[in-house]
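What follows is one structure encoded as structure tokens, with my remarks underneath.
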Amino acid sequence: MLSIEFTDAFYQGSVCFFTILVWYYYLIGALNKRALVRVIVMSLLLGAGSVFVSDISYLIVVAAVMVGQIIRYHRLDYARSSIMIFLVNIQVIMSNILVYTSRWIILCAYGTTSEQRIYHYGHMVVLCYVVVMGIMNALIISLMKKYSSFINAMIDKIESVKYLV
């Protein structure tokens with residue numbers, strides 16, 4: 001994790017959780033206007049919480065989703081739990097890549113490698129992080145749209161194999 005100010009950590013955490021939750025609701029087929037408002041509110045709350053507990057907040061979100069499923073359905077929905085765990089893992093990997101990419105951009109733009117100097121440009125690092133996150137998500141969405149027929153055909157094949165066994 002990058003050493004940045006509280007406000008920057010809040011923005012970074014909020015963007016991370018917003019990305020995770022939007023993708024989660026999209027993949028389970030529950031993304032609508034009401035869910036988007038809920039995602040925004042939850043992202044802001046989780047972003048605020050992540051300032052204090054840092055990366056453990058991801059574990060808290062996964063546990064909350066699983067407990068919520070057990071309370072709501074009296075069982076664990078493995079498909080939805082797997083989606084959430086997958087998204088959190090992808091987000092952690094993307095966050096690490098984006099932080100280093102942002103630091104590299106700051107290095108190229110301002111010619112600094114010192115931790116103290118990077119801390120001074122914390123707002124710029126978070127801004128680069130958010131922009132590159134948006135670009136990466138747009139790329140993923142465009143790839144999903146381009147290959148959606150192939151993905152759906154593959155899902156149908158997997159479903160047919162599941163029924164044969």
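We label chains A, B, ... in the order they appear in the structure tokens, count residues from 1 in each chain, and number ligands from 1 in the order shown.
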Report as a list of chain:residue names all protein, DNA and RNA residues lying within 10 Å of Met94 (chain A), evaluated on only C-alpha atoms, omitting residues in the same chain fewer than 6 positions from it.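 Within the cut-off, the hits are A:Cys16, A:Val88, A:Tyr100, A:Tyr129, A:Val132, A:Met133, A:Met136.
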Residue neighbourhood Met84 (chain A), 10 Å, only C-alpha atoms, exclusion window fewer than 4 positions, as an MDAnalysis selection string: chainID A and resid 20:21 23:25 27:28 58 61:63 65:66 78:80 88:90
Can you tell me which residues surround Gln91 (chain A) at a distance of at most 9 Å, considering only C-alpha atoms, apart from same-chain residues fewer than 4 positions away, and format the answer as a list in words?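 Everything that qualifies: Cys16, Phe17, Thr19, Ile20, Phe86, Leu87, Ser95 and Asn96 of chain A.
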To one decimal in Å, tell me the separation between CA of Lys145 (chain A) and CA of Val22 (chain A).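 So the two atoms, CA of Lys145 (chain A) and CA of Val22 (chain A), lie 16.5 Å apart.
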